[in-house]
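Asker: Structure file query10.tsv (TSV, N, CA and C atoms) is given on the next line.
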chain	number	residue	atom	x	y	z
A	22	MET	N	0.82	-1.19	0.00
A	22	MET	CA	0.00	0.00	0.00
A	22	MET	C	0.87	1.26	0.00
A	23	VAL	N	1.79	1.39	0.95
A	23	VAL	CA	2.67	2.56	1.00
A	23	VAL	C	3.61	2.55	-0.20
A	24	GLY	N	4.16	1.38	-0.52
A	24	GLY	CA	5.07	1.27	-1.66
A	24	GLY	C	4.41	1.70	-2.95
A	25	SER	N	3.17	1.30	-3.15
A	25	SER	CA	2.43	1.70	-4.36
A	25	SER	C	2.23	3.21	-4.41
A	26	ALA	N	1.95	3.81	-3.27
A	26	ALA	CA	1.75	5.26	-3.21
A	26	ALA	C	3.06	5.99	-3.51
A	27	VAL	N	4.18	5.50	-2.97
A	27	VAL	CA	5.49	6.10	-3.25
A	27	VAL	C	5.79	5.97	-4.74
A	28	TRP	N	5.54	4.80	-5.29
A	28	TRP	CA	5.77	4.54	-6.72
A	28	TRP	C	5.00	5.55	-7.58
A	29	ARG	N	3.70	5.70	-7.28
A	29	ARG	CA	2.86	6.65	-8.05
A	29	ARG	C	3.36	8.08	-7.91
A	30	ALA	N	3.79	8.46	-6.71
A	30	ALA	CA	4.29	9.82	-6.49
A	30	ALA	C	5.58	10.05	-7.28
A	31	LEU	N	6.46	9.07	-7.33
A	31	LEU	CA	7.69	9.21	-8.11
A	31	LEU	C	7.39	9.32	-9.60
A	32	GLU	N	6.49	8.49	-10.07
A	32	GLU	CA	6.09	8.56	-11.49
A	32	GLU	C	5.46	9.91	-11.81
A	33	ALA	N	4.63	10.41	-10.90
A	33	ALA	CA	3.98	11.71	-11.13
A	33	ALA	C	5.01	12.84	-11.21
A	34	LYS	N	6.14	12.66	-10.55
A	34	LYS	CA	7.20	13.68	-10.59
A	34	LYS	C	8.14	13.47	-11.78
A	35	GLY	N	7.86	12.46	-12.60
A	35	GLY	CA	8.63	12.25	-13.82
A	35	GLY	C	9.74	11.22	-13.74
A	36	TYR	N	9.89	10.53	-12.62
A	36	TYR	CA	10.92	9.50	-12.52
A	36	TYR	C	10.52	8.29	-13.35
A	37	THR	N	11.46	7.77	-14.12
A	37	THR	CA	11.15	6.64	-15.00
A	37	THR	C	12.01	5.41	-14.70
A	38	ASN	N	13.12	5.57	-14.03
A	38	ASN	CA	14.03	4.46	-13.76
A	38	ASN	C	13.75	3.89	-12.37
A	39	ILE	N	12.53	3.40	-12.18
A	39	ILE	CA	12.09	2.87	-10.89
A	39	ILE	C	12.06	1.34	-11.00
A	40	ILE	N	12.65	0.68	-10.02
A	40	ILE	CA	12.70	-0.77	-10.00
A	40	ILE	C	11.98	-1.25	-8.75
A	41	GLY	N	11.10	-2.19	-8.90
A	41	GLY	CA	10.41	-2.73	-7.74
A	41	GLY	C	9.88	-4.12	-8.03
A	42	ARG	N	9.58	-4.82	-6.99
A	42	ARG	CA	9.02	-6.17	-7.11
A	42	ARG	C	7.92	-6.34	-6.08
A	43	SER	N	6.91	-7.07	-6.43
A	43	SER	CA	5.87	-7.42	-5.47
A	43	SER	C	6.39	-8.53	-4.58
A	44	SER	N	5.69	-8.78	-3.48
A	44	SER	CA	6.11	-9.85	-2.57
A	44	SER	C	6.00	-11.22	-3.25
A	45	ALA	N	5.12	-11.34	-4.25
A	45	ALA	CA	5.01	-12.59	-4.99
A	45	ALA	C	6.21	-12.79	-5.91
A	46	GLU	N	6.82	-11.69	-6.35
A	46	GLU	CA	7.97	-11.76	-7.25
A	46	GLU	C	9.30	-11.89	-6.52
A	47	LEU	N	9.39	-11.33	-5.32
A	47	LEU	CA	10.63	-11.35	-4.55
A	47	LEU	C	10.30	-11.47	-3.08
A	48	ASP	N	10.72	-12.58	-2.49
A	48	ASP	CA	10.51	-12.81	-1.06
A	48	ASP	C	11.65	-12.15	-0.30
A	49	LEU	N	11.37	-11.01	0.30
A	49	LEU	CA	12.41	-10.24	0.99
A	49	LEU	C	12.88	-10.91	2.28
A	50	ARG	N	12.21	-11.97	2.71
A	50	ARG	CA	12.66	-12.74	3.86
A	50	ARG	C	13.80	-13.68	3.48
A	51	ASN	N	13.97	-13.91	2.18
A	51	ASN	CA	14.96	-14.83	1.65
A	51	ASN	C	16.22	-14.05	1.28
A	52	GLN	N	17.27	-14.19	2.11
A	52	GLN	CA	18.48	-13.41	1.93
A	52	GLN	C	19.12	-13.62	0.56
A	53	SER	N	19.21	-14.86	0.10
A	53	SER	CA	19.85	-15.12	-1.19
A	53	SER	C	19.05	-14.53	-2.34
A	54	ALA	N	17.73	-14.53	-2.23
A	54	ALA	CA	16.90	-13.91	-3.27
A	54	ALA	C	17.11	-12.40	-3.29
A	55	VAL	N	17.24	-11.81	-2.11
A	55	VAL	CA	17.49	-10.36	-2.02
A	55	VAL	C	18.86	-10.03	-2.61
A	56	TYR	N	19.88	-10.82	-2.27
A	56	TYR	CA	21.22	-10.60	-2.84
A	56	TYR	C	21.17	-10.72	-4.37
A	57	GLY	N	20.46	-11.71	-4.87
A	57	GLY	CA	20.35	-11.89	-6.32
A	57	GLY	C	19.71	-10.69	-6.99
A	58	PHE	N	18.67	-10.15	-6.37
A	58	PHE	CA	18.02	-8.96	-6.91
A	58	PHE	C	18.99	-7.79	-6.96
A	59	PHE	N	19.70	-7.55	-5.87
A	59	PHE	CA	20.64	-6.44	-5.81
A	59	PHE	C	21.79	-6.62	-6.81
A	60	ALA	N	22.29	-7.84	-6.94
A	60	ALA	CA	23.39	-8.11	-7.87
A	60	ALA	C	22.94	-7.83	-9.31
A	61	LYS	N	21.73	-8.19	-9.63
A	61	LYS	CA	21.21	-8.00	-10.99
A	61	LYS	C	20.85	-6.54	-11.27
A	62	GLU	N	20.13	-5.90	-10.35
A	62	GLU	CA	19.57	-4.57	-10.60
A	62	GLU	C	20.51	-3.42	-10.24
A	63	LYS	N	21.40	-3.65	-9.28
A	63	LYS	CA	22.38	-2.64	-8.85
A	63	LYS	C	21.73	-1.27	-8.55
A	64	PRO	N	20.83	-1.23	-7.58
A	64	PRO	CA	20.17	0.05	-7.28
A	64	PRO	C	21.13	1.07	-6.65
A	65	ASP	N	20.88	2.34	-6.94
A	65	ASP	CA	21.64	3.44	-6.34
A	65	ASP	C	20.95	3.94	-5.07
A	66	LEU	N	19.65	3.79	-5.04
A	66	LEU	CA	18.81	4.30	-3.95
A	66	LEU	C	17.78	3.24	-3.61
A	67	LEU	N	17.53	3.05	-2.33
A	67	LEU	CA	16.48	2.13	-1.91
A	67	LEU	C	15.51	2.87	-1.01
A	68	ILE	N	14.25	2.81	-1.34
A	68	ILE	CA	13.19	3.32	-0.46
A	68	ILE	C	12.47	2.09	0.07
A	69	ASP	N	12.71	1.80	1.33
A	69	ASP	CA	12.19	0.59	1.95
A	69	ASP	C	10.80	0.84	2.53
A	70	THR	N	9.80	0.33	1.84
A	70	THR	CA	8.41	0.42	2.32
A	70	THR	C	7.87	-0.98	2.65
A	71	ALA	N	8.74	-1.97	2.64
A	71	ALA	CA	8.32	-3.36	2.79
A	71	ALA	C	8.04	-3.72	4.23
A	72	ALA	N	6.98	-4.49	4.43
A	72	ALA	CA	6.67	-5.03	5.76
A	72	ALA	C	5.55	-6.05	5.62
A	73	ARG	N	5.52	-6.95	6.57
A	73	ARG	CA	4.37	-7.84	6.68
A	73	ARG	C	3.37	-7.12	7.57
A	74	VAL	N	2.18	-6.92	7.05
A	74	VAL	CA	1.13	-6.24	7.79
A	74	VAL	C	-0.14	-7.08	7.74
A	75	GLY	N	-1.01	-6.86	8.71
A	75	GLY	CA	-2.22	-7.67	8.72
A	75	GLY	C	-3.38	-7.06	9.47
A	76	GLY	N	-3.17	-5.93	10.07
A	76	GLY	CA	-4.26	-5.30	10.81
A	76	GLY	C	-4.26	-5.71	12.27
A	77	ILE	N	-5.21	-5.15	13.00
A	77	ILE	CA	-5.26	-5.31	14.45
A	77	ILE	C	-5.39	-6.77	14.88
A	78	LEU	N	-6.30	-7.52	14.28
A	78	LEU	CA	-6.50	-8.90	14.70
A	78	LEU	C	-5.26	-9.75	14.41
A	79	ALA	N	-4.71	-9.63	13.22
A	79	ALA	CA	-3.52	-10.41	12.87
A	79	ALA	C	-2.34	-10.03	13.75
A	80	ASN	N	-2.16	-8.73	14.02
A	80	ASN	CA	-1.07	-8.29	14.92
A	80	ASN	C	-1.22	-8.92	16.29
A	81	ASN	N	-2.43	-9.00	16.76
A	81	ASN	CA	-2.71	-9.55	18.08
A	81	ASN	C	-2.52	-11.07	18.10
A	82	ASP	N	-2.94	-11.74	17.04
A	82	ASP	CA	-2.90	-13.20	17.02
A	82	ASP	C	-1.54	-13.79	16.64
A	83	PHE	N	-0.73	-13.05	15.90
A	83	PHE	CA	0.54	-13.57	15.40
A	83	PHE	C	1.71	-12.60	15.64
A	84	PRO	N	1.89	-12.13	16.86
A	84	PRO	CA	2.92	-11.12	17.10
A	84	PRO	C	4.33	-11.59	16.77
A	85	TYR	N	4.65	-12.82	17.14
A	85	TYR	CA	5.99	-13.33	16.88
A	85	TYR	C	6.28	-13.40	15.39
A	86	GLN	N	5.34	-13.96	14.62
A	86	GLN	CA	5.56	-14.11	13.19
A	86	GLN	C	5.74	-12.75	12.51
A	87	PHE	N	4.92	-11.79	12.87
A	87	PHE	CA	5.02	-10.46	12.27
A	87	PHE	C	6.35	-9.81	12.62
A	88	LEU	N	6.73	-9.86	13.88
A	88	LEU	CA	7.98	-9.24	14.32
A	88	LEU	C	9.17	-9.90	13.63
A	89	MET	N	9.22	-11.22	13.62
A	89	MET	CA	10.35	-11.93	13.02
A	89	MET	C	10.43	-11.69	11.51
A	90	GLU	N	9.32	-11.78	10.82
A	90	GLU	CA	9.35	-11.58	9.37
A	90	GLU	C	9.73	-10.15	9.02
A	91	ASN	N	9.25	-9.19	9.78
A	91	ASN	CA	9.61	-7.79	9.51
A	91	ASN	C	11.09	-7.55	9.78
A	92	MET	N	11.63	-8.18	10.81
A	92	MET	CA	13.07	-8.04	11.06
A	92	MET	C	13.88	-8.72	9.96
A	93	GLN	N	13.44	-9.88	9.48
A	93	GLN	CA	14.14	-10.54	8.38
A	93	GLN	C	14.16	-9.64	7.15
A	94	ILE	N	13.02	-9.07	6.81
A	94	ILE	CA	12.92	-8.19	5.64
A	94	ILE	C	13.87	-7.01	5.79
A	95	GLN	N	13.79	-6.31	6.90
A	95	GLN	CA	14.61	-5.12	7.10
A	95	GLN	C	16.10	-5.47	7.14
A	96	ASN	N	16.46	-6.53	7.86
A	96	ASN	CA	17.87	-6.91	7.94
A	96	ASN	C	18.42	-7.29	6.57
A	97	ASN	N	17.65	-8.03	5.79
A	97	ASN	CA	18.11	-8.41	4.45
A	97	ASN	C	18.30	-7.19	3.56
A	98	LEU	N	17.37	-6.24	3.62
A	98	LEU	CA	17.50	-5.04	2.79
A	98	LEU	C	18.66	-4.15	3.24
A	99	ILE	N	18.81	-3.99	4.54
A	99	ILE	CA	19.93	-3.18	5.05
A	99	ILE	C	21.26	-3.83	4.70
A	100	ASP	N	21.37	-5.14	4.91
A	100	ASP	CA	22.61	-5.84	4.63
A	100	ASP	C	22.94	-5.80	3.14
A	101	ALA	N	21.97	-6.08	2.28
A	101	ALA	CA	22.22	-6.06	0.84
A	101	ALA	C	22.57	-4.65	0.37
A	102	SER	N	21.94	-3.64	0.94
A	102	SER	CA	22.26	-2.26	0.57
A	102	SER	C	23.70	-1.93	0.92
A	103	HIS	N	24.14	-2.41	2.06
A	103	HIS	CA	25.53	-2.18	2.46
A	103	HIS	C	26.48	-2.98	1.56
A	104	ARG	N	26.17	-4.24	1.38
A	104	ARG	CA	27.02	-5.14	0.59
A	104	ARG	C	27.16	-4.68	-0.86
A	105	TYR	N	26.08	-4.19	-1.43
A	105	TYR	CA	26.08	-3.77	-2.84
A	105	TYR	C	26.24	-2.26	-3.00
A	106	GLU	N	26.66	-1.60	-1.93
A	106	GLU	CA	27.03	-0.18	-1.95
A	106	GLU	C	25.94	0.74	-2.50
A	107	VAL	N	24.74	0.54	-2.00
A	107	VAL	CA	23.64	1.45	-2.35
A	107	VAL	C	23.97	2.81	-1.75
A	108	GLU	N	23.86	3.85	-2.56
A	108	GLU	CA	24.28	5.19	-2.13
A	108	GLU	C	23.37	5.80	-1.06
A	109	LYS	N	22.08	5.53	-1.16
A	109	LYS	CA	21.15	6.13	-0.21
A	109	LYS	C	20.06	5.10	0.13
A	110	PHE	N	19.78	4.98	1.42
A	110	PHE	CA	18.77	4.04	1.93
A	110	PHE	C	17.75	4.86	2.71
A	111	ILE	N	16.51	4.82	2.28
A	111	ILE	CA	15.43	5.52	2.98
A	111	ILE	C	14.52	4.46	3.58
A	112	PHE	N	14.39	4.49	4.90
A	112	PHE	CA	13.58	3.51	5.62
A	112	PHE	C	12.33	4.19	6.16
A	113	LEU	N	11.19	3.67	5.77
A	113	LEU	CA	9.93	4.20	6.28
A	113	LEU	C	9.49	3.35	7.47
A	114	GLY	N	9.49	3.94	8.65
A	114	GLY	CA	9.05	3.23	9.84
A	114	GLY	C	7.53	3.25	9.94
A	115	SER	N	7.01	2.37	10.71
A	115	SER	CA	5.57	2.25	10.89
A	115	SER	C	5.08	3.15	12.02
A	116	SER	N	3.87	3.64	11.88
A	116	SER	CA	3.26	4.39	12.97
A	116	SER	C	2.99	3.48	14.17
A	117	CYS	N	3.06	2.17	13.98
A	117	CYS	CA	2.85	1.20	15.06
A	117	CYS	C	3.87	1.35	16.19
A	118	ILE	N	5.01	1.95	15.92
A	118	ILE	CA	6.05	2.07	16.93
A	118	ILE	C	5.95	3.38	17.71
A	119	TYR	N	4.89	4.13	17.47
A	119	TYR	CA	4.66	5.38	18.20
A	119	TYR	C	3.57	5.16	19.25
A	120	PRO	N	3.61	5.91	20.34
A	120	PRO	CA	2.59	5.75	21.37
A	120	PRO	C	1.18	5.93	20.83
A	121	LYS	N	0.28	5.19	21.40
A	121	LYS	CA	-1.12	5.24	20.99
A	121	LYS	C	-1.66	6.66	21.02
A	122	MET	N	-1.29	7.42	22.02
A	122	MET	CA	-1.82	8.78	22.18
A	122	MET	C	-0.80	9.86	21.81
A	123	ALA	N	0.12	9.55	20.91
A	123	ALA	CA	1.13	10.54	20.50
A	123	ALA	C	0.46	11.72	19.82
A	124	PRO	N	1.00	12.93	20.06
A	124	PRO	CA	0.46	14.11	19.37
A	124	PRO	C	0.57	13.94	17.86
A	125	GLN	N	-0.34	14.56	17.17
A	125	GLN	CA	-0.34	14.52	15.70
A	125	GLN	C	0.00	15.89	15.16
A	126	PRO	N	0.72	16.00	14.07
A	126	PRO	CA	1.34	14.90	13.33
A	126	PRO	C	2.50	14.30	14.11
A	127	LEU	N	2.80	13.03	13.81
A	127	LEU	CA	3.88	12.34	14.50
A	127	LEU	C	5.22	12.99	14.21
A	128	LYS	N	6.07	13.04	15.24
A	128	LYS	CA	7.43	13.53	15.09
A	128	LYS	C	8.37	12.45	15.59
A	129	GLU	N	9.57	12.42	15.06
A	129	GLU	CA	10.53	11.38	15.42
A	129	GLU	C	10.76	11.31	16.92
A	130	GLU	N	10.79	12.45	17.59
A	130	GLU	CA	11.09	12.44	19.03
A	130	GLU	C	9.98	11.79	19.87
A	131	TYR	N	8.82	11.52	19.28
A	131	TYR	CA	7.74	10.84	20.01
A	131	TYR	C	7.93	9.32	20.04
A	132	LEU	N	8.90	8.82	19.28
A	132	LEU	CA	9.14	7.38	19.16
A	132	LEU	C	9.33	6.74	20.54
A	133	LEU	N	8.51	5.74	20.82
A	133	LEU	CA	8.62	4.93	22.04
A	133	LEU	C	8.64	5.75	23.33
A	134	THR	N	7.84	6.80	23.38
A	134	THR	CA	7.79	7.64	24.58
A	134	THR	C	6.60	7.33	25.48
A	135	GLY	N	5.78	6.39	25.10
A	135	GLY	CA	4.62	6.04	25.90
A	135	GLY	C	4.06	4.70	25.46
A	136	PRO	N	2.96	4.28	26.10
A	136	PRO	CA	2.36	2.98	25.77
A	136	PRO	C	1.89	2.94	24.32
A	137	LEU	N	2.14	1.78	23.69
A	137	LEU	CA	1.71	1.57	22.32
A	137	LEU	C	0.28	1.02	22.31
A	138	GLU	N	-0.31	1.03	21.13
A	138	GLU	CA	-1.58	0.32	20.92
A	138	GLU	C	-1.33	-1.12	21.38
A	139	PRO	N	-2.21	-1.70	22.19
A	139	PRO	CA	-1.96	-3.04	22.72
A	139	PRO	C	-1.60	-4.09	21.66
A	140	THR	N	-2.18	-4.00	20.46
A	140	THR	CA	-1.86	-5.00	19.44
A	140	THR	C	-0.50	-4.77	18.80
A	141	ASN	N	0.17	-3.67	19.14
A	141	ASN	CA	1.51	-3.38	18.61
A	141	ASN	C	2.57	-3.38	19.70
A	142	GLU	N	2.21	-3.77	20.91
A	142	GLU	CA	3.16	-3.69	22.02
A	142	GLU	C	4.39	-4.56	21.79
A	143	TRP	N	4.34	-5.49	20.87
A	143	TRP	CA	5.46	-6.39	20.61
A	143	TRP	C	6.65	-5.63	20.02
A	144	TYR	N	6.41	-4.43	19.52
A	144	TYR	CA	7.50	-3.63	18.98
A	144	TYR	C	8.23	-2.84	20.07
A	145	HIS	N	7.82	-2.96	21.29
A	145	HIS	CA	8.43	-2.23	22.39
A	145	HIS	C	8.80	-3.26	23.45
A	146	CYS	N	10.06	-3.57	23.59
A	146	CYS	CA	10.50	-4.66	24.48
A	146	CYS	C	10.08	-4.48	25.93
A	147	GLU	N	9.95	-3.26	26.39
A	147	GLU	CA	9.56	-3.04	27.79
A	147	GLU	C	8.20	-3.65	28.06
A	148	ASN	N	7.31	-3.64	27.07
A	148	ASN	CA	5.96	-4.17	27.24
A	148	ASN	C	5.81	-5.56	26.64
A	149	SER	N	6.89	-6.15	26.20
A	149	SER	CA	6.80	-7.33	25.36
A	149	SER	C	7.15	-8.62	26.08
A	150	TRP	N	6.62	-9.71	25.54
A	150	TRP	CA	6.97	-11.03	26.01
A	150	TRP	C	8.42	-11.35	25.69
A	151	ILE	N	9.05	-10.65	24.75
A	151	ILE	CA	10.45	-10.88	24.40
A	151	ILE	C	11.33	-10.64	25.63
A	152	LYS	N	10.95	-9.67	26.44
A	152	LYS	CA	11.72	-9.33	27.63
A	152	LYS	C	11.87	-10.52	28.56
A	153	SER	N	10.88	-11.41	28.56
A	153	SER	CA	10.92	-12.55	29.46
A	153	SER	C	11.72	-13.73	28.91
A	154	LEU	N	12.18	-13.65	27.66
A	154	LEU	CA	12.94	-14.76	27.07
A	154	LEU	C	14.33	-14.86	27.63
Now that the file is in, can you turn its structure into structure tokens?
Answerer:
Amino acid sequence: MVGSAVWRALEAKGYTNIIGRSSAELDLRNQSAVYGFFAKEKPDLLIDTAARVGGILANNDFPYQFLMENMQIQNNLIDASHRYEVEKFIFLGSSCIYPKMAPQPLKEEYLLTGPLEPTNEWYHCENSWIKSL
């Protein structure tokens, strides 16, 4: 959803050399597939909008799977960007990591300054079952 919006905005501004893949075309959880993509395409800039999302119920029912898959995606993209010398990496963070009652519009300094939405508490170790591991 966010990636499609970024893509449309870039096209509207006249950018034509945009490279992207859907999750069906490239599994970003698969490190070797990510390396293969970077080796072939050699991007100069990466705008990371990738994440496994599912809404409130899915976040609540599958917190471990969502957290682990999102970390795999981000780690693979960050590592491949470093390995293949991507000049600029833009990472879009989720509003899920901001307090439920954060002032609007969100600002970076509000990050993890208060309780999160209960279905997103897994992103904050202080409130998380990860702390007990």
Asker: Between A:Ala54, A:Met92, A:Ile111, A:Leu132, which is the closest to Ile68 in chain A once you count only N, CA and C atoms?
Answerer: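 Comparing A:Ala54, A:Met92, A:Ile111, A:Leu132 against Ile68 in chain A, the winner is A:Ile111.
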Asker: When you look at range 113-120 of chain A with a cut-off of 6 Å (counting only N, CA and C atoms), what residues show up, excluding the ones that are within fewer than 2 positions of it in the same chain? I need them as a VMD selection string.
Answerer: chain A and resid 69 to 70 111 122 to 123 131 to 138 141
Asker: Would you please give, as a PyMOL selection string, all residues of chain A that DSSP assigns to helix (DSSP H, G or I) based on the backbone?
Answerer: chain A and resi 23-33+52-62+76-82+84-104+116-118+129-131+139-144+146-148+150-153
Asker: From the list A:Ala79, A:Asp65, A:Val55, A:Pro139, which residue is nearest Lys121 in chain A when using all atoms listed in the file?
Answerer: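 The shortest atom-to-atom distance to Lys121 in chain A comes from A:Pro139.
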Asker: May I have all residues of range 62-154 of chain A that DSSP, computed from the backbone, assigns to strand (DSSP E), given as number ranges by chain?
Answerer: A: 66-69, 109-112
